[in-house]
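The structure under discussion appears below in the form of structure tokens.
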Amino acid sequence: MPVEFISAVHTDSGASGPAAASRTGFDRDHLRRYARALDDGGFDHTLVAYHSASPDAFQVAQFVATHTERIRPILAHRPGVVFPTHASRALATLDRISDGRLSVHIISGGSDEEQRREGDYLNKAERYERSDEYIQILRKVWQSDGPVSHEGRHFRFEGYYSDVKPVNGLIPISVGGSSPDAYRVGGQQGDIFGLWGEPLKETGEQIAAVNAVADAAGRPHPRIWVSFRPIIAPTDELAWEKAHRTLGVLKDQARNTELLRHYRTTGRPANVGSQRLLDIAERGEVHDRCLWTAPAVATNAAGASTALVGSPETVAQALLDYVDIGCDLLSIRGYDPLNDAIDYARHVLPLVRQELAHRATGQAA
């Protein structure tokens, strides 16, 4: 499979802070400009994120699909919110609207506090178990030529059938996380597995853990999706100056309790991925070629928050380092989302693709 690039859409022009915390509403014109910039800039996919306080992800994904020609929405979806029979039909409908461009990213939920905001009181292990069952139901419905019944630990129904099916028979399913439960569900069920940007050594260890589960289940290895927040400038020196300015903004936003009131969870993060980023930050601020952990500390590792800092050439080489260890879906989105996406499209994507094409030519020769 080719190496592909992922971004993430934002629903209003104020969405420039840590993770989703600065989203204050829905600006239709901004979202249209953003989606088209990604489409025109050569990104392959865009994440449509999910949070209990954010605009509805299904409707945002449909908006993106209908205002673009080629970019493929990756819809983040929580199994505890929508019953799987309804989700199977809604996802298939959205896939039809997008002409087969849809993928779905299953979010089992890393924070009990956040899950309870929408009435989900399962513990983490139970949520991953539910996700496993949920994915199986989605695929069973999509592939069935007749009524489907199911009786499991978390879901039960009889004689369900949907007239609408995905364009290509199935919709690619992504799973993410950094815990043994995540590796298990991702290795057994995922077409794609998502990781946050850790140093190369730790990332390689996580890939091996997921692949070992897939091997034991007799499944192909999931494609690996790795996420960063690059900070680029014409030179490495200027990029680091920009990085420290950005860090000051992040620290100011982290102190803004009004801005974060719906997105904040208390204390040390409950999810393993955030804990790992903070632990890595304690071991050093810069890792490998240019992986910077200070933004993870400033935001309490709220989502994908490690940066790659440097000139476009430095950041492109860093991304290729991850390609070399088995990552073929590169998620890059900035702390100034729209402007950064435009800059990445102009200055980073072409360098990575040029080097990959050069490698392919050399291998062919």
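Chain identifiers are assigned as A, B, and so on, following the order in which chains appear in the structure tokens; residues are numbered from 1 within each chain, and ligands are numbered from 1 in order of appearance.
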Which of range 29-119 of chain A DSSP labels alpha helix (DSSP H), written as a PDB file with N, CA and C atoms, in the first residue's frame:
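Saved to out-v9.pdb:
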```pdb
ATOM      1  N   ASP A  29     -18.678  28.122   6.647  1.00  0.00           N
ATOM      2  CA  ASP A  29     -17.771  28.611   5.606  1.00  0.00           C
ATOM      3  C   ASP A  29     -16.328  28.216   5.898  1.00  0.00           C
ATOM      4  N   HIS A  30     -15.925  28.297   7.168  1.00  0.00           N
ATOM      5  CA  HIS A  30     -14.565  27.899   7.522  1.00  0.00           C
ATOM      6  C   HIS A  30     -14.347  26.414   7.256  1.00  0.00           C
ATOM      7  N   LEU A  31     -15.307  25.583   7.658  1.00  0.00           N
ATOM      8  CA  LEU A  31     -15.172  24.143   7.442  1.00  0.00           C
ATOM      9  C   LEU A  31     -15.079  23.823   5.955  1.00  0.00           C
ATOM     10  N   ARG A  32     -15.855  24.522   5.140  1.00  0.00           N
ATOM     11  CA  ARG A  32     -15.791  24.300   3.689  1.00  0.00           C
ATOM     12  C   ARG A  32     -14.401  24.670   3.149  1.00  0.00           C
ATOM     13  N   ARG A  33     -13.894  25.833   3.570  1.00  0.00           N
ATOM     14  CA  ARG A  33     -12.552  26.245   3.117  1.00  0.00           C
ATOM     15  C   ARG A  33     -11.496  25.249   3.572  1.00  0.00           C
ATOM     16  N   TYR A  34     -11.623  24.793   4.800  1.00  0.00           N
ATOM     17  CA  TYR A  34     -10.645  23.866   5.358  1.00  0.00           C
ATOM     18  C   TYR A  34     -10.639  22.554   4.580  1.00  0.00           C
ATOM     19  N   ALA A  35     -11.830  21.987   4.387  1.00  0.00           N
ATOM     20  CA  ALA A  35     -11.933  20.707   3.684  1.00  0.00           C
ATOM     21  C   ALA A  35     -11.400  20.823   2.258  1.00  0.00           C
ATOM     22  N   ARG A  36     -11.710  21.923   1.591  1.00  0.00           N
ATOM     23  CA  ARG A  36     -11.241  22.093   0.209  1.00  0.00           C
ATOM     24  C   ARG A  36      -9.737  22.316   0.161  1.00  0.00           C
ATOM     25  N   ALA A  37      -9.187  22.992   1.182  1.00  0.00           N
ATOM     26  CA  ALA A  37      -7.734  23.173   1.230  1.00  0.00           C
ATOM     27  C   ALA A  37      -7.023  21.827   1.357  1.00  0.00           C
ATOM     28  N   LEU A  38      -7.575  20.934   2.162  1.00  0.00           N
ATOM     29  CA  LEU A  38      -6.995  19.595   2.289  1.00  0.00           C
ATOM     30  C   LEU A  38      -7.133  18.827   0.979  1.00  0.00           C
ATOM     31  N   ASP A  39      -8.291  18.940   0.348  1.00  0.00           N
ATOM     32  CA  ASP A  39      -8.546  18.250  -0.915  1.00  0.00           C
ATOM     33  C   ASP A  39      -7.583  18.744  -1.998  1.00  0.00           C
ATOM     34  N   ASP A  40      -7.467  20.060  -2.110  1.00  0.00           N
ATOM     35  CA  ASP A  40      -6.599  20.646  -3.131  1.00  0.00           C
ATOM     36  C   ASP A  40      -5.125  20.439  -2.799  1.00  0.00           C
ATOM     37  N   GLY A  41      -4.792  20.349  -1.507  1.00  0.00           N
ATOM     38  CA  GLY A  41      -3.406  20.245  -1.097  1.00  0.00           C
ATOM     39  C   GLY A  41      -2.797  18.866  -1.229  1.00  0.00           C
ATOM     40  N   ALA A  57     -20.198  14.407  14.702  1.00  0.00           N
ATOM     41  CA  ALA A  57     -19.183  13.953  13.749  1.00  0.00           C
ATOM     42  C   ALA A  57     -19.791  13.380  12.479  1.00  0.00           C
ATOM     43  N   PHE A  58     -20.926  12.686  12.572  1.00  0.00           N
ATOM     44  CA  PHE A  58     -21.562  12.136  11.372  1.00  0.00           C
ATOM     45  C   PHE A  58     -21.910  13.258  10.392  1.00  0.00           C
ATOM     46  N   GLN A  59     -22.496  14.335  10.922  1.00  0.00           N
ATOM     47  CA  GLN A  59     -22.912  15.418  10.041  1.00  0.00           C
ATOM     48  C   GLN A  59     -21.713  16.195   9.504  1.00  0.00           C
ATOM     49  N   VAL A  60     -20.675  16.333  10.311  1.00  0.00           N
ATOM     50  CA  VAL A  60     -19.464  16.990   9.822  1.00  0.00           C
ATOM     51  C   VAL A  60     -18.833  16.167   8.698  1.00  0.00           C
ATOM     52  N   ALA A  61     -18.775  14.847   8.885  1.00  0.00           N
ATOM     53  CA  ALA A  61     -18.193  13.980   7.857  1.00  0.00           C
ATOM     54  C   ALA A  61     -18.991  14.052   6.558  1.00  0.00           C
ATOM     55  N   GLN A  62     -20.322  14.110   6.662  1.00  0.00           N
ATOM     56  CA  GLN A  62     -21.141  14.239   5.458  1.00  0.00           C
ATOM     57  C   GLN A  62     -20.870  15.574   4.766  1.00  0.00           C
ATOM     58  N   PHE A  63     -20.734  16.635   5.546  1.00  0.00           N
ATOM     59  CA  PHE A  63     -20.429  17.947   4.971  1.00  0.00           C
ATOM     60  C   PHE A  63     -19.107  17.911   4.224  1.00  0.00           C
ATOM     61  N   VAL A  64     -18.092  17.307   4.844  1.00  0.00           N
ATOM     62  CA  VAL A  64     -16.781  17.197   4.196  1.00  0.00           C
ATOM     63  C   VAL A  64     -16.891  16.413   2.894  1.00  0.00           C
ATOM     64  N   ALA A  65     -17.606  15.296   2.947  1.00  0.00           N
ATOM     65  CA  ALA A  65     -17.722  14.447   1.757  1.00  0.00           C
ATOM     66  C   ALA A  65     -18.410  15.169   0.607  1.00  0.00           C
ATOM     67  N   THR A  66     -19.427  15.958   0.919  1.00  0.00           N
ATOM     68  CA  THR A  66     -20.199  16.598  -0.151  1.00  0.00           C
ATOM     69  C   THR A  66     -19.537  17.868  -0.673  1.00  0.00           C
ATOM     70  N   PRO A  84     -25.325  -0.620  17.233  1.00  0.00           N
ATOM     71  CA  PRO A  84     -24.581  -1.014  16.032  1.00  0.00           C
ATOM     72  C   PRO A  84     -25.445  -1.246  14.799  1.00  0.00           C
ATOM     73  N   THR A  85     -26.694  -1.670  14.956  1.00  0.00           N
ATOM     74  CA  THR A  85     -27.534  -1.838  13.773  1.00  0.00           C
ATOM     75  C   THR A  85     -27.779  -0.493  13.098  1.00  0.00           C
ATOM     76  N   HIS A  86     -28.115   0.506  13.894  1.00  0.00           N
ATOM     77  CA  HIS A  86     -28.307   1.844  13.321  1.00  0.00           C
ATOM     78  C   HIS A  86     -27.000   2.376  12.746  1.00  0.00           C
ATOM     79  N   ALA A  87     -25.894   2.162  13.459  1.00  0.00           N
ATOM     80  CA  ALA A  87     -24.599   2.638  12.974  1.00  0.00           C
ATOM     81  C   ALA A  87     -24.235   1.996  11.645  1.00  0.00           C
ATOM     82  N   SER A  88     -24.532   0.713  11.487  1.00  0.00           N
ATOM     83  CA  SER A  88     -24.201   0.029  10.235  1.00  0.00           C
ATOM     84  C   SER A  88     -24.902   0.683   9.058  1.00  0.00           C
ATOM     85  N   ARG A  89     -26.158   1.055   9.255  1.00  0.00           N
ATOM     86  CA  ARG A  89     -26.935   1.688   8.186  1.00  0.00           C
ATOM     87  C   ARG A  89     -26.472   3.129   7.948  1.00  0.00           C
ATOM     88  N   ALA A  90     -26.223   3.862   9.037  1.00  0.00           N
ATOM     89  CA  ALA A  90     -25.787   5.252   8.901  1.00  0.00           C
ATOM     90  C   ALA A  90     -24.416   5.334   8.236  1.00  0.00           C
ATOM     91  N   LEU A  91     -23.505   4.444   8.621  1.00  0.00           N
ATOM     92  CA  LEU A  91     -22.172   4.449   8.027  1.00  0.00           C
ATOM     93  C   LEU A  91     -22.228   4.054   6.554  1.00  0.00           C
ATOM     94  N   ALA A  92     -23.039   3.052   6.223  1.00  0.00           N
ATOM     95  CA  ALA A  92     -23.173   2.642   4.823  1.00  0.00           C
ATOM     96  C   ALA A  92     -23.773   3.765   3.983  1.00  0.00           C
ATOM     97  N   THR A  93     -24.740   4.489   4.542  1.00  0.00           N
ATOM     98  CA  THR A  93     -25.335   5.618   3.833  1.00  0.00           C
ATOM     99  C   THR A  93     -24.300   6.702   3.584  1.00  0.00           C
ATOM    100  N   LEU A  94     -23.522   7.016   4.615  1.00  0.00           N
ATOM    101  CA  LEU A  94     -22.476   8.025   4.465  1.00  0.00           C
ATOM    102  C   LEU A  94     -21.419   7.580   3.473  1.00  0.00           C
ATOM    103  N   ASP A  95     -21.108   6.298   3.458  1.00  0.00           N
ATOM    104  CA  ASP A  95     -20.155   5.783   2.477  1.00  0.00           C
ATOM    105  C   ASP A  95     -20.697   5.957   1.066  1.00  0.00           C
ATOM    106  N   ARG A  96     -22.003   5.748   0.885  1.00  0.00           N
ATOM    107  CA  ARG A  96     -22.626   5.965  -0.430  1.00  0.00           C
ATOM    108  C   ARG A  96     -22.568   7.439  -0.820  1.00  0.00           C
ATOM    109  N   ILE A  97     -22.844   8.317   0.128  1.00  0.00           N
ATOM    110  CA  ILE A  97     -22.792   9.754  -0.152  1.00  0.00           C
ATOM    111  C   ILE A  97     -21.389  10.156  -0.598  1.00  0.00           C
ATOM    112  N   ASP A 112     -12.850   7.457  31.845  1.00  0.00           N
ATOM    113  CA  ASP A 112     -14.152   7.170  32.451  1.00  0.00           C
ATOM    114  C   ASP A 112     -14.967   8.449  32.611  1.00  0.00           C
ATOM    115  N   GLU A 113     -14.291   9.525  33.000  1.00  0.00           N
ATOM    116  CA  GLU A 113     -14.982  10.800  33.218  1.00  0.00           C
ATOM    117  C   GLU A 113     -15.655  11.288  31.946  1.00  0.00           C
ATOM    118  N   GLU A 114     -14.939  11.260  30.836  1.00  0.00           N
ATOM    119  CA  GLU A 114     -15.502  11.709  29.567  1.00  0.00           C
ATOM    120  C   GLU A 114     -16.625  10.784  29.107  1.00  0.00           C
ATOM    121  N   GLN A 115     -16.450   9.470  29.267  1.00  0.00           N
ATOM    122  CA  GLN A 115     -17.495   8.528  28.845  1.00  0.00           C
ATOM    123  C   GLN A 115     -18.795   8.754  29.607  1.00  0.00           C
ATOM    124  N   ARG A 116     -18.681   9.053  30.895  1.00  0.00           N
ATOM    125  CA  ARG A 116     -19.883   9.208  31.720  1.00  0.00           C
ATOM    126  C   ARG A 116     -20.665  10.452  31.371  1.00  0.00           C
TER     127      ARG A 116
END
```
Range 282-290 of chain A surroundings by only C-alpha atoms, 12 Å radius, close-in-sequence under 6 positions cut, as a CSV table (one decimal) with N, CA, C and O atoms, in the first residue's frame:
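Result file out-v8.csv:
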```csv
chain,number,residue,atom,x,y,z
A,197,GLY,N,2.4,10.0,18.2
A,197,GLY,CA,3.8,10.1,17.9
A,197,GLY,C,4.7,9.9,19.1
A,197,GLY,O,4.9,10.8,19.9
A,198,GLU,N,5.3,8.7,19.2
A,198,GLU,CA,6.3,8.4,20.2
A,198,GLU,C,7.7,8.3,19.5
A,198,GLU,O,7.7,8.2,18.3
A,199,PRO,N,8.7,8.2,20.3
A,199,PRO,CA,10.0,7.9,19.6
A,199,PRO,C,10.0,6.7,18.8
A,199,PRO,O,9.2,5.8,19.0
A,200,LEU,N,11.0,6.6,17.9
A,200,LEU,CA,11.0,5.4,16.9
A,200,LEU,C,11.0,4.1,17.7
A,200,LEU,O,10.3,3.2,17.3
A,201,LYS,N,11.9,4.0,18.7
A,201,LYS,CA,12.0,2.7,19.4
A,201,LYS,C,10.6,2.3,20.0
A,201,LYS,O,10.2,1.1,19.8
A,202,GLU,N,10.0,3.2,20.7
A,202,GLU,CA,8.7,2.8,21.3
A,202,GLU,C,7.6,2.6,20.3
A,202,GLU,O,6.8,1.7,20.4
A,203,THR,N,7.6,3.4,19.2
A,203,THR,CA,6.7,3.1,18.1
A,203,THR,C,6.8,1.8,17.5
A,203,THR,O,5.9,1.0,17.3
A,228,PHE,N,1.3,13.3,14.4
A,228,PHE,CA,2.2,14.3,14.9
A,228,PHE,C,1.6,15.7,14.7
A,228,PHE,O,0.7,15.9,13.9
A,229,ARG,N,2.2,16.7,15.4
A,229,ARG,CA,1.8,18.1,15.2
A,229,ARG,C,3.0,18.9,14.8
A,229,ARG,O,3.7,19.5,15.6
A,230,PRO,N,3.4,18.8,13.5
A,230,PRO,CA,4.7,19.4,13.1
A,230,PRO,C,4.7,20.9,13.2
A,230,PRO,O,3.6,21.6,13.0
A,231,ILE,N,5.8,21.5,13.5
A,231,ILE,CA,6.1,22.9,13.5
A,231,ILE,C,7.2,23.2,12.6
A,231,ILE,O,8.3,22.8,12.8
A,232,ILE,N,6.9,23.8,11.4
A,232,ILE,CA,7.9,24.0,10.4
A,232,ILE,C,8.2,25.5,10.1
A,232,ILE,O,7.3,26.4,10.4
A,236,ASP,N,15.8,25.1,10.5
A,236,ASP,CA,15.6,24.5,11.7
A,236,ASP,C,15.6,25.5,12.9
A,236,ASP,O,14.8,25.5,13.8
A,237,GLU,N,16.5,26.5,12.8
A,237,GLU,CA,16.6,27.5,13.9
A,237,GLU,C,15.3,28.3,14.0
A,237,GLU,O,14.8,28.5,15.1
A,239,ALA,N,12.4,27.3,13.0
A,239,ALA,CA,11.3,26.4,13.4
A,239,ALA,C,11.3,26.3,14.9
A,239,ALA,O,10.2,26.2,15.6
A,240,TRP,N,12.5,26.2,15.6
A,240,TRP,CA,12.5,26.1,17.0
A,240,TRP,C,12.1,27.4,17.7
A,240,TRP,O,11.4,27.3,18.7
A,243,ALA,N,8.5,27.1,17.5
A,243,ALA,CA,8.0,26.1,18.4
A,243,ALA,C,7.8,26.7,19.8
A,243,ALA,O,6.8,26.4,20.5
A,275,GLN,N,-0.6,8.8,29.1
A,275,GLN,CA,0.4,8.5,30.1
A,275,GLN,C,1.8,8.2,29.5
A,275,GLN,O,2.8,8.7,30.0
A,276,ARG,N,1.8,7.5,28.4
A,276,ARG,CA,3.0,7.2,27.8
A,276,ARG,C,3.7,8.4,27.2
A,276,ARG,O,4.9,8.6,27.4
A,296,ALA,N,3.1,18.1,24.7
A,296,ALA,CA,2.4,17.1,25.4
A,296,ALA,C,2.3,17.4,26.9
A,296,ALA,O,1.2,17.3,27.5
A,297,VAL,N,3.4,17.9,27.4
A,297,VAL,CA,3.3,18.4,28.8
A,297,VAL,C,2.4,19.6,29.0
A,297,VAL,O,1.6,19.6,29.9
A,298,ALA,N,2.5,20.5,28.1
A,298,ALA,CA,1.7,21.7,28.2
A,298,ALA,C,0.2,21.5,28.1
A,298,ALA,O,-0.6,22.2,28.8
A,306,THR,N,2.6,15.5,20.4
A,306,THR,CA,4.0,15.6,20.2
A,306,THR,C,4.2,16.2,18.8
A,306,THR,O,3.5,16.0,17.9
A,307,ALA,N,5.3,17.0,18.8
A,307,ALA,CA,5.6,17.8,17.5
A,307,ALA,C,6.9,17.3,16.9
A,307,ALA,O,7.8,16.7,17.5
A,308,LEU,N,6.9,17.5,15.6
A,308,LEU,CA,8.2,17.3,14.8
A,308,LEU,C,8.6,18.7,14.4
A,308,LEU,O,7.8,19.5,13.8
A,309,VAL,N,9.8,19.2,14.9
A,309,VAL,CA,10.2,20.6,14.7
A,309,VAL,C,11.4,20.7,13.8
A,309,VAL,O,12.4,20.0,14.0
A,310,GLY,N,11.2,21.6,12.8
A,310,GLY,CA,12.4,21.8,11.9
A,310,GLY,C,12.0,22.4,10.6
A,310,GLY,O,10.8,22.7,10.3
A,311,SER,N,12.9,22.5,9.7
A,311,SER,CA,12.6,22.9,8.3
A,311,SER,C,11.8,21.8,7.6
A,311,SER,O,11.7,20.7,8.1
A,312,PRO,N,11.2,22.1,6.5
A,312,PRO,CA,10.4,21.1,5.8
A,312,PRO,C,11.3,19.8,5.5
A,312,PRO,O,10.8,18.7,5.6
A,313,GLU,N,12.6,20.1,5.2
A,313,GLU,CA,13.4,18.9,4.9
A,313,GLU,C,13.7,18.1,6.1
A,313,GLU,O,13.6,16.8,6.0
A,314,THR,N,13.9,18.7,7.3
A,314,THR,CA,14.1,17.9,8.5
A,314,THR,C,12.8,17.2,8.9
A,314,THR,O,12.9,16.0,9.2
A,315,VAL,N,11.7,17.8,8.8
A,315,VAL,CA,10.4,17.1,9.2
A,315,VAL,C,10.1,16.0,8.2
A,315,VAL,O,9.7,14.9,8.6
A,316,ALA,N,10.3,16.2,6.9
A,316,ALA,CA,10.1,15.2,5.9
A,316,ALA,C,11.0,14.0,6.2
A,316,ALA,O,10.5,12.8,6.1
A,317,GLN,N,12.2,14.2,6.5
A,317,GLN,CA,13.1,13.1,6.9
A,317,GLN,C,12.7,12.4,8.1
A,317,GLN,O,12.8,11.1,8.2
A,318,ALA,N,12.2,13.1,9.1
A,318,ALA,CA,11.7,12.5,10.3
A,318,ALA,C,10.4,11.6,10.0
A,318,ALA,O,10.3,10.5,10.5
A,319,LEU,N,9.6,12.1,9.1
A,319,LEU,CA,8.4,11.3,8.7
A,319,LEU,C,8.9,10.0,8.0
A,319,LEU,O,8.3,8.9,8.2
A,320,LEU,N,9.9,10.1,7.2
A,320,LEU,CA,10.4,9.0,6.5
A,320,LEU,C,11.0,7.9,7.4
A,320,LEU,O,11.0,6.7,7.2
A,321,ASP,N,11.6,8.4,8.5
A,321,ASP,CA,12.1,7.5,9.6
A,321,ASP,C,11.0,6.6,10.1
A,321,ASP,O,11.2,5.4,10.3
A,322,TYR,N,9.8,7.2,10.2
A,322,TYR,CA,8.6,6.3,10.7
A,322,TYR,C,8.1,5.4,9.6
A,322,TYR,O,7.7,4.3,9.8
```
Env of Ser131 in chain A: 9 Å cut, atoms = only C-alpha atoms, seq-sep filter 2 positions within chain, self excluded. Answer as JSON, numbers by chain. {"A": [78, 79, 80, 106, 107, 108, 126, 127, 128, 129, 133, 134, 135, 136, 185]}
Across A:Trp292, A:Phe5, A:Phe83, A:Phe26, the smallest distance to Phe157 in chain A, with only C-alpha atoms counted, is shown by A:Phe83
* To do: Could you pull out the residues in range 89-191 of chain A that DSSP calls strand (DSSP E or B) from the backbone, as a ChimeraX atom specification?
  => /A:103-106,148-151,156-160,173-176
Practice item. Using only C-alpha atoms, find the one residue out of A:Ser144, A:Asn300, A:Ser54, A:Gln188 that sits nearest to Val164 in chain A. Key: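 Distance minimum relative to Val164 in chain A lands on A:Ser144.
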Shortest contact to Leu247 in chain A, candidates A:Gly152, A:Arg139, A:Pro295, A:Gly176, atoms counted only C-alpha atoms, goes to A:Pro295
